[in-house]
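Structure first, then comments.
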There are 4 protein chains.
Amino acid sequence: VTVHGIFPPIPTPFDRASGDVDRRALTSNVRRWMETRLKGILALGSNGEAALLEETEADLVVATTREAMPSDRLLIVGTGRESTRATIAATRRAAAMGAGAVLVRSPSFFKGQMTAPILVDYYTAVADASSVPVLLYNLPATGVTLGWPVVSQLALHPNIIGMKETSPELERLGQFVTLREGAFSVLCGWAPVVYPALVSGAAGAILAIANVLPDECVALYDDVVAGRHVEARAAQRRLTTLAQLVTTGHGVPGLKAALEMVGYDGGPVRAPLRPLASAARDEIAKAVAAIRTRH
Amino acid sequence: VTVHGIFPPIPTPFDRASGDVDRRALTSNVRRWMETRLKGILALGSNGEAALLEETEADLVVATTREAMPSDRLLIVGTGRESTRATIAATRRAAAMGAGAVLVRSPSFFKGQMTAPILVDYYTAVADASSVPVLLYNLPATGVTLGWPVVSQLALHPNIIGMKETSPELERLGQFVTLREGAFSVLCGWAPVVYPALVSGAAGAILAIANVLPDECVALYDDVVAGRHVEARAAQRRLTTLAQLVTTGHGVPGLKAALEMVGYDGGPVRAPLRPLASAARDEIAKAVAAIRTRH
Amino acid sequence: VTVHGIFPPIPTPFDRASGDVDRRALTSNVRRWMETRLKGILALGSNGEAALLEETEADLVVATTREAMPSDRLLIVGTGRESTRATIAATRRAAAMGAGAVLVRSPSFFKGQMTAPILVDYYTAVADASSVPVLLYNLPATGVTLGWPVVSQLALHPNIIGMKETSPELERLGQFVTLREGAFSVLCGWAPVVYPALVSGAAGAILAIANVLPDECVALYDDVVAGRHVEARAAQRRLTTLAQLVTTGHGVPGLKAALEMVGYDGGPVRAPLRPLASAARDEIAKAVAAIRTRH
Amino acid sequence: VTVHGIFPPIPTPFDRASGDVDRRALTSNVRRWMETRLKGILALGSNGEAALLEETEADLVVATTREAMPSDRLLIVGTGRESTRATIAATRRAAAMGAGAVLVRSPSFFKGQMTAPILVDYYTAVADASSVPVLLYNLPATGVTLGWPVVSQLALHPNIIGMKETSPELERLGQFVTLREGAFSVLCGWAPVVYPALVSGAAGAILAIANVLPDECVALYDDVVAGRHVEARAAQRRLTTLAQLVTTGHGVPGLKAALEMVGYDGGPVRAPLRPLASAARDEIAKAVAAIRTRH
């Protein structure tokens with residue numbers, strides 16, 4: 001199994017009145033994304049506010065998303081929790097509901113204890129217990145980084161098929177793509193460097209802006225595959241400004257605001273996150289308009 | 001209301017076979033701590049592996065602990081979660097089960113978004129919703145630090161009575177102790193600097209080593225209150241080595257191992273944490289012995 | 001030899017027109033400081049803009065300062081450079097001009113290479129070559145920290161008599177003061193924690209605010225020595241605000257501005273440093289006035 | 001003026017007996033590099049141990065290097081110092097001795113004060129005073145990073161023609177290459193990402209491994225220019241291991257050891273740097289052999 005192409009890490013819409021997961025909005029969004037050439041969907045990633053959901057809500061998101069997707073598209077579900085047993089339980093539930101793969105972030109509460117052997121044990125236990133393929137999730141912003149010793153060892157596990165690398169650094173990514181003679185799928189998670197990442201050998205990308213501009217992201221990917229470097233580089237430059245605004249800059253509130261500008265159902269974020277200030281909203285609107293006009 | 005004196009952040013014992021919370025061991029430990037002059041107990045702190053527990057397990061720990069404590073001792077419960085609503089729910093359940101106060105860590109998953117206004121809103125919402133007093137919890141190791149602008153504003157809330165400051169730095173603590181004309185209770189959470197923290201005006205301390213050596217910790221506190229600086233400083237120096245081993249050095253596995261050396265029920269840690277290597281165990285045993293002989 | 005008491009890390013005055021070292025202003029300042037009970041002076045520390053001086057200027061500052069000091073006051077000179085040989089050369093020149101001790105910061109340009117053995121070698125070579133006692137200088141802000149393994153080994157060298165610890169953390173300091181059975185002089189370099197540092201066993205302090213308020217700083221030190229903890233703690237609190245403004249807050253420009261407010265010769269800073277903005281100047285003036293009124 | 005192609009940041013050879021700059025070895029090395037297709041040379045960069053040299057030694061290196069170079073090759077000289085006036089003085093001396101451009105690192109001793117306006121002022125003053133073009137030098141490892149606001153403003157200065165970006169991150173670089181409609185020359189300083197950097201629009205690179213393997217580095221550059229992506233990517237992968245060993249891994253000692261393996265004059269490093277341990281030497285020898293065999 002390999003994973004390639006572009007995936008959006010979808011946000012979780014909440015009902016404006018109750019604050020609960022809004023299944024209708026989620027279904028409508030997913031259907032619309034599935035009309036594009038996106039390879040599939042990542043549910044319950046960071047941008048899905050997974051850290052702010054109860055377990056029952058998480059399950060609801062998975063079931064609802066799967067239901068709204070054609071069966072031939074890949075549903076990846078974020079199932080990392082702080083304890084190994086909770087991660088395994090979440091992984092099994094996701095698989096049972098139709099996830100095609102799981103994306104597992106490293107535990108990070110006990111940062112100082114997350115040594116290489118502990119991380120190898122953790123991912124091995126999860127991969128052993130999972131009926132679907134596992135993707136590692138490198139998110140250095142949490143304070144825990146998966147380095148070469150850990151990843152190169154885990155890449156030997158038959159049920160670990162790749163990883164998401166979420167960082168502006170391409171040194172690690174450039175090495176990870178060589179694992180399994182290139183069959184270890186590294187997905188770039190940092191939009192402002194997606195073009196150089198793909199050129200370096202990344203198999204695809206999981207990008208917040210792919211929620212907002214799926215066609216533009218898929219086009220960039222296609223350009224790289226077809227060797228159209230001039231076009232791909234130009235696309236990268238167009239996308240970077242918006243990418244910086246909706247992630248590093250304004251987080252999930254920025255992403256949800258941007259989604260509404262292109263007709264998806266964004267809705268409120270869950271506290272302690274806050275709705276976007278109007279100045280930020282204007283800035284994002286401008287960036288979205290600049291790209292769409294061009295395209 | 002003020003909080004003062006020494007509190008242990010108790011670990012959560014797990015059954016060796018099933019890995020579930022071991023109520024019997026917990027009860028036995030709590031009863032024994034309550035035979036000392038500890039002011040009360042902190043359940044579900046970092047050392048309680050709270051991050052690795054399910055919500056139902058967390059509730060079980062609170063109920064079991066309360067039941068094993070005399071009614072005049074203070075039970076503080078860690079109720080911080082990533083979402084405001086989950087924190088409020090946990091706070092209400094803890095209060096309903098007899099917590100006398102709650103200790104609320106800052107959300108930290110979306111670090112970059114945790115601005116001062118968001119943190120003020122978060123703690124205000126929790127304090128408004130809580131029927132018991134709230135203690136802030138500053139844990140810079142998570143990547144989110146509560147600074148003077150946030151804490152000085154929150155100290156005005158009638159239901160926020162103090163904070164735990166877990167850091168080797170005493171600059172912030174030295175300022176926080178001046179809030180509410182000294183009636184804002186700052187509890188030191190970093191054992192190697194507990195003596196200078198108390199001298200600077202801290203009202204007490206929440207110390208992992210108070211699980212292992214409650215009498216020695218209480219004696220240090222009493223020395224400071226009585227102005228016996230020579231004795232207190234000597235006690236600090238005796239405690240520092242062990243404190244470094246069981247927290248920064250070897251984390252919860254170190255703490256549980258140390259507990260067993262003094263006759264409490266330590267038991268296994270929950271994965272991904274790992275049992276202590278035997279070299280570390282020896283090092284801790286030596287440090288414990290050195291202090292107990294002396295005392 | 002031990003070093004104790006309060007020392008100001010004096011700034012280097014520059015001529016307003018030429019930008020060169022202003023010997024007359026330096027002489028006048030030093031004479032005035034020496035009318036107080038300060039134990040001596042640190043020349044060419046960070047606050048002396050040593051990093052911005054040519055070697056010949058550095059020598060001029062040492063000679064001028066020594067000349068203006070009574071022979072029984074201790075002149076400490078900052079002589080750390082990036083290369084071992086430059087540090088030794090600067091140390092020898094300083095000793096020849098009458099320095100009583102040298103304060104040597106760790107090289108930090110090649111941070112990643114500054115391992116414990118390299119740091120031990122570096123300081124050993126300097127101490128071997130120096131005719132006057134050497135003080136280590138821990139300045140974690142440079143990215144290189146002297147930890148217990150390095151300092152405990154270097155404390156065995158007969159010509160290394162102590163250190164300056166410049167950090168808000170007191171965990172390391174609490175351990176360093178136990179070296180040589182307490183005869184290793186640890187000088188606190190972080191004014192907002194000077195009271196708890198002294199109580200923990202520091203022999204004295206090198207404080208930017210001792211330039212501005214020498215009497216107040218000496219009084220705090222005397223209070224601690226005499227066991228007047230209430231007074232010392234109150235003094236700490238009065239000094240903290242100003243200390244934060246002139247160092248962390250506004251650096252050398254803040255210090256020079258504060259000096260002028262109390263009648264010393266401050267003068268311009270050297271570029272790339274910039275003169276203080278007027279809002280910051282007002283803030284500092286207010287903090288200085290608050291303390292002097294009180295005293 | 002634009003700068004493009006591959007430049008080696010040459011090390012400074014020292015005499016084994018005296019420790020002084022070894023002019024003969026330097027001349028011999030430079031002549032040999034100039035027999036390759038390297039575009040020129042960077043003298044007195046970090047790898048030149050510039051931080052460990054006296055000013056007179058620095059001048060000697062510049063003069064000697066220039067003398068050994070054909071007049072049509074570009075000599076870039078590192079002239080950044082901590083003070084603006086020292087930087088200007090070093091820049092003028094370098095220009096007078098035949099430097100074709102200067103590379104100016106940001107001052108970093110007073111990190112906390114290095115705000116955007118101060119950095120803009122600093123570089124503007126240097127560029128105004130310099131008779132040769134100026135390249136900015138971004139080296140985030142020093143604790144001071146040149147971001148978009150600073151660089152985009154400085155790129156308007158007619159005498160600032162580009163920059164060296166030394167970081168594994170390609171997000172900033174991807175934006176800097178768009179300045180001056182692509183005529184602002186961004187040189188990559190991080191060998192493990194040089195291929196994706198060039199593809200993203202970098203005009204060239206300054207690489208420690210270009211000292212050791214000049215032909216291989218030039219070939220990679222040529223591959224990118226000619227659109228031979230498969231070959232360039234393969235070259236990147238071959239070079240990465242060695243690049244990590246001689247820079248992040250073992251610093252200047254690693255670079256000098258590697259140089260000797262390919263017949264250049266490496267020689268000792270200056271203390272506090274230490275000669276390479278033999279295990280590291282073996283590791284580097286293996287990496288060098290692996291690449292040369294292949295080529």
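Labels for the structure tokens follow display order: chains A, B, ..., residues from 1 in each chain, ligands from 1.
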
Skipping near chain neighbours, those fewer than 3 positions away, what residues fall within 12 Å of B:Glu260 using only C-alpha atoms, listed as a PDB file with N, CA and C atoms, in the first residue's frame?
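Contents of the output file selection36.pdb:
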```pdb
ATOM      1  N   PRO B  11       0.520   9.783  42.728  1.00  0.00           N
ATOM      2  CA  PRO B  11       0.458   8.960  41.520  1.00  0.00           C
ATOM      3  C   PRO B  11      -0.786   8.070  41.551  1.00  0.00           C
ATOM      4  N   PRO B  13      -2.090   4.399  41.163  1.00  0.00           N
ATOM      5  CA  PRO B  13      -1.606   3.013  41.070  1.00  0.00           C
ATOM      6  C   PRO B  13      -2.455   2.204  40.085  1.00  0.00           C
ATOM      7  N   ALA B  25      -4.989  -0.202  46.234  1.00  0.00           N
ATOM      8  CA  ALA B  25      -3.674   0.392  46.464  1.00  0.00           C
ATOM      9  C   ALA B  25      -3.794   1.893  46.698  1.00  0.00           C
ATOM     10  N   ASN B  29      -2.606   3.847  50.071  1.00  0.00           N
ATOM     11  CA  ASN B  29      -1.624   4.943  50.023  1.00  0.00           C
ATOM     12  C   ASN B  29      -2.178   6.220  50.657  1.00  0.00           C
ATOM     13  N   ASN B 211       5.347  12.848  48.301  1.00  0.00           N
ATOM     14  CA  ASN B 211       4.768  11.501  48.314  1.00  0.00           C
ATOM     15  C   ASN B 211       5.690  10.528  49.042  1.00  0.00           C
ATOM     16  N   VAL B 212       6.972  10.709  48.827  1.00  0.00           N
ATOM     17  CA  VAL B 212       7.971   9.757  49.301  1.00  0.00           C
ATOM     18  C   VAL B 212       8.444  10.111  50.708  1.00  0.00           C
ATOM     19  N   LEU B 213       8.644  11.379  50.948  1.00  0.00           N
ATOM     20  CA  LEU B 213       9.198  11.853  52.211  1.00  0.00           C
ATOM     21  C   LEU B 213       8.328  12.970  52.785  1.00  0.00           C
ATOM     22  N   PRO B 253       7.894   7.087  36.429  1.00  0.00           N
ATOM     23  CA  PRO B 253       8.489   5.792  36.781  1.00  0.00           C
ATOM     24  C   PRO B 253       9.442   5.917  37.981  1.00  0.00           C
ATOM     25  N   GLY B 254      10.182   7.003  38.044  1.00  0.00           N
ATOM     26  CA  GLY B 254      11.082   7.231  39.178  1.00  0.00           C
ATOM     27  C   GLY B 254      10.311   7.439  40.464  1.00  0.00           C
ATOM     28  N   LEU B 255       9.235   8.183  40.378  1.00  0.00           N
ATOM     29  CA  LEU B 255       8.435   8.446  41.573  1.00  0.00           C
ATOM     30  C   LEU B 255       7.811   7.157  42.112  1.00  0.00           C
ATOM     31  N   LYS B 256       7.257   6.350  41.206  1.00  0.00           N
ATOM     32  CA  LYS B 256       6.620   5.105  41.664  1.00  0.00           C
ATOM     33  C   LYS B 256       7.641   4.149  42.264  1.00  0.00           C
ATOM     34  N   ALA B 257       8.830   4.107  41.669  1.00  0.00           N
ATOM     35  CA  ALA B 257       9.880   3.246  42.223  1.00  0.00           C
ATOM     36  C   ALA B 257      10.276   3.727  43.616  1.00  0.00           C
ATOM     37  N   GLY B 263       7.730   1.833  51.204  1.00  0.00           N
ATOM     38  CA  GLY B 263       6.615   1.038  51.682  1.00  0.00           C
ATOM     39  C   GLY B 263       5.246   1.384  51.145  1.00  0.00           C
ATOM     40  N   TYR B 264       5.165   2.343  50.240  1.00  0.00           N
ATOM     41  CA  TYR B 264       3.874   2.630  49.611  1.00  0.00           C
ATOM     42  C   TYR B 264       3.686   1.686  48.431  1.00  0.00           C
ATOM     43  N   ASP B 265       2.510   1.736  47.872  1.00  0.00           N
ATOM     44  CA  ASP B 265       2.179   0.911  46.717  1.00  0.00           C
ATOM     45  C   ASP B 265       2.470   1.736  45.462  1.00  0.00           C
ATOM     46  N   GLY B 266       3.530   1.422  44.764  1.00  0.00           N
ATOM     47  CA  GLY B 266       3.877   2.184  43.564  1.00  0.00           C
ATOM     48  C   GLY B 266       3.250   1.554  42.331  1.00  0.00           C
ATOM     49  N   GLY B 267       3.753   0.384  41.985  1.00  0.00           N
ATOM     50  CA  GLY B 267       3.164  -0.339  40.860  1.00  0.00           C
ATOM     51  C   GLY B 267       3.637   0.172  39.518  1.00  0.00           C
ATOM     52  N   PRO B 268       3.090  -0.426  38.461  1.00  0.00           N
ATOM     53  CA  PRO B 268       3.542  -0.107  37.098  1.00  0.00           C
ATOM     54  C   PRO B 268       3.054   1.270  36.638  1.00  0.00           C
ATOM     55  N   ARG B 281      16.981   2.764  39.328  1.00  0.00           N
ATOM     56  CA  ARG B 281      16.380   2.324  40.583  1.00  0.00           C
ATOM     57  C   ARG B 281      17.419   2.367  41.717  1.00  0.00           C
ATOM     58  N   ILE B 284      18.184   5.918  42.788  1.00  0.00           N
ATOM     59  CA  ILE B 284      17.114   6.482  43.617  1.00  0.00           C
ATOM     60  C   ILE B 284      17.151   5.878  45.019  1.00  0.00           C
ATOM     61  N   ALA B 285      17.365   4.578  45.080  1.00  0.00           N
ATOM     62  CA  ALA B 285      17.421   3.903  46.391  1.00  0.00           C
ATOM     63  C   ALA B 285      18.503   4.530  47.263  1.00  0.00           C
ATOM     64  N   VAL B 288      17.314   7.962  48.486  1.00  0.00           N
ATOM     65  CA  VAL B 288      16.301   7.839  49.541  1.00  0.00           C
ATOM     66  C   VAL B 288      16.970   7.459  50.851  1.00  0.00           C
TER      67      VAL B 288
END
```

Self-check item: Distance query C:Leu135 at most 7 Å, only C-alpha atoms, self and fewer than 4 positions along chain excluded, as a list in words
Solution: Val102, Leu103, Val104, Ile160, Ile161, Gly162, Met163 and Lys164 of chain C

Quiz item: Counting only C-alpha atoms, which residues of chain A come no farther than 10 Å from chain D, as JSON, numbers by chain?
Solution: {"A": [167, 168, 169, 170, 171, 172, 173, 174, 175, 178, 190, 191, 192, 193, 194, 195, 196, 197, 198, 199, 200, 201, 227, 229, 230, 232, 233, 234, 236, 237, 240, 241, 244]}

Quiz item: Residues at most 9 Å from B:Asp59, counting only C-alpha atoms, excluding those fewer than 2 positions away in the same chain, as a list in words?
Solution: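 Within the cut-off, the hits are Glu54, Glu55, Thr56, Glu57, Val61, Val62, Ala63, Thr64, Ala90, Arg93, Ala94 and Met97 of chain B.
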
Can you tell me, as a JSON list (two decimals) with all heavy atoms, in the first residue's frame, what residues are no more than 8 Å from stretch 65-76 of chain C when counting only C-alpha atoms, ignoring any on the same chain fewer than 4 positions away?
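So out34.json came out as:
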```json
[["chain", "number", "residue", "atom", "x", "y", "z"],
["C", 26, "LEU", "N", 34.13, 58.10, 32.56],
["C", 26, "LEU", "CA", 34.35, 56.82, 33.24],
["C", 26, "LEU", "C", 35.00, 57.05, 34.60],
["C", 26, "LEU", "O", 34.57, 56.51, 35.63],
["C", 26, "LEU", "CB", 35.24, 55.93, 32.35],
["C", 26, "LEU", "CG", 35.61, 54.56, 32.91],
["C", 26, "LEU", "CD1", 34.38, 53.74, 33.27],
["C", 26, "LEU", "CD2", 36.46, 53.79, 31.88],
["C", 27, "THR", "N", 36.02, 57.88, 34.62],
["C", 27, "THR", "CA", 36.71, 58.19, 35.88],
["C", 27, "THR", "C", 35.74, 58.79, 36.90],
["C", 27, "THR", "O", 35.71, 58.38, 38.06],
["C", 27, "THR", "CB", 37.86, 59.19, 35.61],
["C", 27, "THR", "OG1", 38.78, 58.57, 34.71],
["C", 27, "THR", "CG2", 38.56, 59.57, 36.90],
["C", 28, "SER", "N", 34.96, 59.72, 36.44],
["C", 28, "SER", "CA", 34.03, 60.40, 37.34],
["C", 28, "SER", "C", 33.01, 59.41, 37.91],
["C", 28, "SER", "O", 32.72, 59.40, 39.10],
["C", 28, "SER", "CB", 33.37, 61.54, 36.57],
["C", 28, "SER", "OG", 32.03, 61.71, 36.94],
["C", 30, "VAL", "N", 33.31, 56.09, 38.21],
["C", 30, "VAL", "CA", 33.96, 55.12, 39.10],
["C", 30, "VAL", "C", 34.24, 55.75, 40.47],
["C", 30, "VAL", "O", 33.99, 55.14, 41.51],
["C", 30, "VAL", "CB", 35.27, 54.59, 38.47],
["C", 30, "VAL", "CG1", 36.05, 53.74, 39.47],
["C", 30, "VAL", "CG2", 34.95, 53.76, 37.21],
["C", 31, "ARG", "N", 34.74, 56.96, 40.46],
["C", 31, "ARG", "CA", 35.01, 57.62, 41.75],
["C", 31, "ARG", "C", 33.74, 57.70, 42.59],
["C", 31, "ARG", "O", 33.77, 57.46, 43.79],
["C", 31, "ARG", "CB", 35.55, 59.03, 41.48],
["C", 31, "ARG", "CG", 36.98, 59.00, 41.00],
["C", 31, "ARG", "CD", 37.70, 60.31, 41.28],
["C", 31, "ARG", "NE", 39.08, 60.18, 40.80],
["C", 31, "ARG", "CZ", 39.67, 61.04, 39.97],
["C", 31, "ARG", "NH1", 39.02, 62.12, 39.55],
["C", 31, "ARG", "NH2", 40.92, 60.83, 39.59],
["C", 34, "MET", "N", 32.76, 54.46, 44.04],
["C", 34, "MET", "CA", 33.67, 54.06, 45.11],
["C", 34, "MET", "C", 33.45, 54.84, 46.41],
["C", 34, "MET", "O", 34.04, 54.52, 47.44],
["C", 34, "MET", "CB", 35.13, 54.17, 44.63],
["C", 34, "MET", "CG", 35.49, 53.11, 43.57],
["C", 34, "MET", "SD", 35.32, 51.38, 44.15],
["C", 34, "MET", "CE", 33.64, 50.97, 43.63],
["C", 39, "LYS", "N", 31.58, 46.63, 46.94],
["C", 39, "LYS", "CA", 32.83, 45.92, 47.23],
["C", 39, "LYS", "C", 33.90, 46.14, 46.16],
["C", 39, "LYS", "O", 35.07, 45.84, 46.38],
["C", 39, "LYS", "CB", 32.54, 44.41, 47.29],
["C", 39, "LYS", "CG", 32.01, 43.94, 48.62],
["C", 39, "LYS", "CD", 33.15, 43.84, 49.64],
["C", 39, "LYS", "CE", 32.58, 43.67, 51.04],
["C", 39, "LYS", "NZ", 33.68, 43.60, 52.03],
["C", 40, "GLY", "N", 33.45, 46.55, 45.00],
["C", 40, "GLY", "CA", 34.39, 46.74, 43.90],
["C", 40, "GLY", "C", 33.61, 46.97, 42.63],
["C", 40, "GLY", "O", 32.46, 47.44, 42.68],
["C", 41, "ILE", "N", 34.20, 46.62, 41.54],
["C", 41, "ILE", "CA", 33.59, 46.90, 40.24],
["C", 41, "ILE", "C", 33.87, 45.77, 39.25],
["C", 41, "ILE", "O", 34.93, 45.15, 39.30],
["C", 41, "ILE", "CB", 34.17, 48.25, 39.70],
["C", 41, "ILE", "CG1", 33.29, 49.40, 40.19],
["C", 41, "ILE", "CG2", 34.33, 48.26, 38.19],
["C", 41, "ILE", "CD1", 33.79, 50.77, 39.82],
["C", 42, "LEU", "N", 32.86, 45.50, 38.40],
["C", 42, "LEU", "CA", 33.11, 44.63, 37.25],
["C", 42, "LEU", "C", 33.18, 45.50, 36.01],
["C", 42, "LEU", "O", 32.18, 46.15, 35.64],
["C", 42, "LEU", "CB", 31.99, 43.60, 37.07],
["C", 42, "LEU", "CG", 32.04, 42.86, 35.71],
["C", 42, "LEU", "CD1", 33.28, 41.97, 35.62],
["C", 42, "LEU", "CD2", 30.77, 42.05, 35.47],
["C", 43, "ALA", "N", 34.33, 45.52, 35.37],
["C", 43, "ALA", "CA", 34.47, 46.26, 34.11],
["C", 43, "ALA", "C", 34.42, 45.26, 32.95],
["C", 43, "ALA", "O", 34.83, 44.10, 33.09],
["C", 43, "ALA", "CB", 35.79, 47.02, 34.09],
["C", 61, "VAL", "N", 39.66, 50.97, 29.08],
["C", 61, "VAL", "CA", 38.63, 50.93, 30.12],
["C", 61, "VAL", "C", 39.21, 50.33, 31.40],
["C", 61, "VAL", "O", 38.99, 50.84, 32.51],
["C", 61, "VAL", "CB", 37.41, 50.10, 29.65],
["C", 61, "VAL", "CG1", 36.48, 49.78, 30.82],
["C", 61, "VAL", "CG2", 36.67, 50.84, 28.55],
["C", 97, "MET", "N", 47.31, 45.19, 34.39],
["C", 97, "MET", "CA", 46.83, 46.55, 34.67],
["C", 97, "MET", "C", 46.13, 46.65, 36.01],
["C", 97, "MET", "O", 45.54, 47.69, 36.32],
["C", 97, "MET", "CB", 45.88, 46.98, 33.55],
["C", 97, "MET", "CG", 46.63, 47.26, 32.23],
["C", 97, "MET", "SD", 45.54, 47.91, 30.95],
["C", 97, "MET", "CE", 44.67, 46.43, 30.47],
["C", 98, "GLY", "N", 46.19, 45.60, 36.81],
["C", 98, "GLY", "CA", 45.66, 45.73, 38.17],
["C", 98, "GLY", "C", 44.34, 45.06, 38.45],
["C", 98, "GLY", "O", 43.77, 45.27, 39.53],
["C", 99, "ALA", "N", 43.84, 44.25, 37.54],
["C", 99, "ALA", "CA", 42.62, 43.50, 37.85],
["C", 99, "ALA", "C", 42.92, 42.55, 39.01],
["C", 99, "ALA", "O", 43.99, 41.95, 39.06],
["C", 99, "ALA", "CB", 42.15, 42.71, 36.64],
["C", 100, "GLY", "N", 41.97, 42.43, 39.93],
["C", 100, "GLY", "CA", 42.15, 41.51, 41.05],
["C", 100, "GLY", "C", 41.60, 40.13, 40.75],
["C", 100, "GLY", "O", 41.95, 39.14, 41.40],
["C", 101, "ALA", "N", 40.72, 40.07, 39.77],
["C", 101, "ALA", "CA", 40.14, 38.79, 39.34],
["C", 101, "ALA", "C", 39.58, 39.00, 37.94],
["C", 101, "ALA", "O", 39.37, 40.14, 37.51],
["C", 101, "ALA", "CB", 39.03, 38.35, 40.29],
["C", 102, "VAL", "N", 39.37, 37.89, 37.22],
["C", 102, "VAL", "CA", 38.74, 38.00, 35.91],
["C", 102, "VAL", "C", 37.48, 37.15, 35.86],
["C", 102, "VAL", "O", 37.38, 36.12, 36.54],
["C", 102, "VAL", "CB", 39.70, 37.59, 34.76],
["C", 102, "VAL", "CG1", 40.83, 38.62, 34.61],
["C", 102, "VAL", "CG2", 40.25, 36.19, 34.96],
["C", 103, "LEU", "N", 36.52, 37.63, 35.09],
["C", 103, "LEU", "CA", 35.25, 36.93, 34.91],
["C", 103, "LEU", "C", 35.22, 36.49, 33.45],
["C", 103, "LEU", "O", 35.28, 37.32, 32.56],
["C", 103, "LEU", "CB", 34.09, 37.90, 35.20],
["C", 103, "LEU", "CG", 32.69, 37.37, 34.96],
["C", 103, "LEU", "CD1", 32.35, 36.27, 35.96],
["C", 103, "LEU", "CD2", 31.66, 38.51, 35.08]]
```

Practice problem: Output as a ChimeraX atom specification all residues of stretch 13-113 of chain B that backbone DSSP marks as strand (DSSP E). | Solution: /B:40-43,74-78,101-105

Quiz prompt | atom CA of B:Leu38 to atom CA of B:Val218, straight-line distance in Å | solution = 6.7 Å

Quiz item: In Å, with one decimal, what is the gap from atom CA of C:Asp222 to atom CA of C:Arg32?
Solution: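 Taking atom CA of C:Asp222 as the start and atom CA of C:Arg32 as the end point, the length is 20.5 Å.
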
Quiz item: With only C-alpha atoms as the basis for distance, which of D:Ile206, D:Ala183, D:Leu53, D:Val144 is at the shortest distance from D:Val269?
Solution: D:Leu53

Quiz prompt | All residues 7 Å or closer to A:Leu187, only C-alpha atoms, same chain fewer than 2 positions away omitted, as a PyMOL selection string | solution = chain A and resi 163-165+185+189+202-206

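Compared by their closest atoms to B:Pro8, and using only C-alpha atoms, the residues B:Arg92, B:Arg37, B:Arg23, B:Arg270 rank with B:Arg37 nearest.
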
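Picture a line from atom CA of C:Ala50 to atom CA of C:Thr79; it runs 9.0 Å.
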
Quiz item: So which residues of stretch 30-168 of chain B fall under alpha helix (DSSP H) by DSSP, listed as a VMD selection string?
Solution: chain B and resid 30 to 33 55 to 68 84 to 96 116 to 129 148 to 154
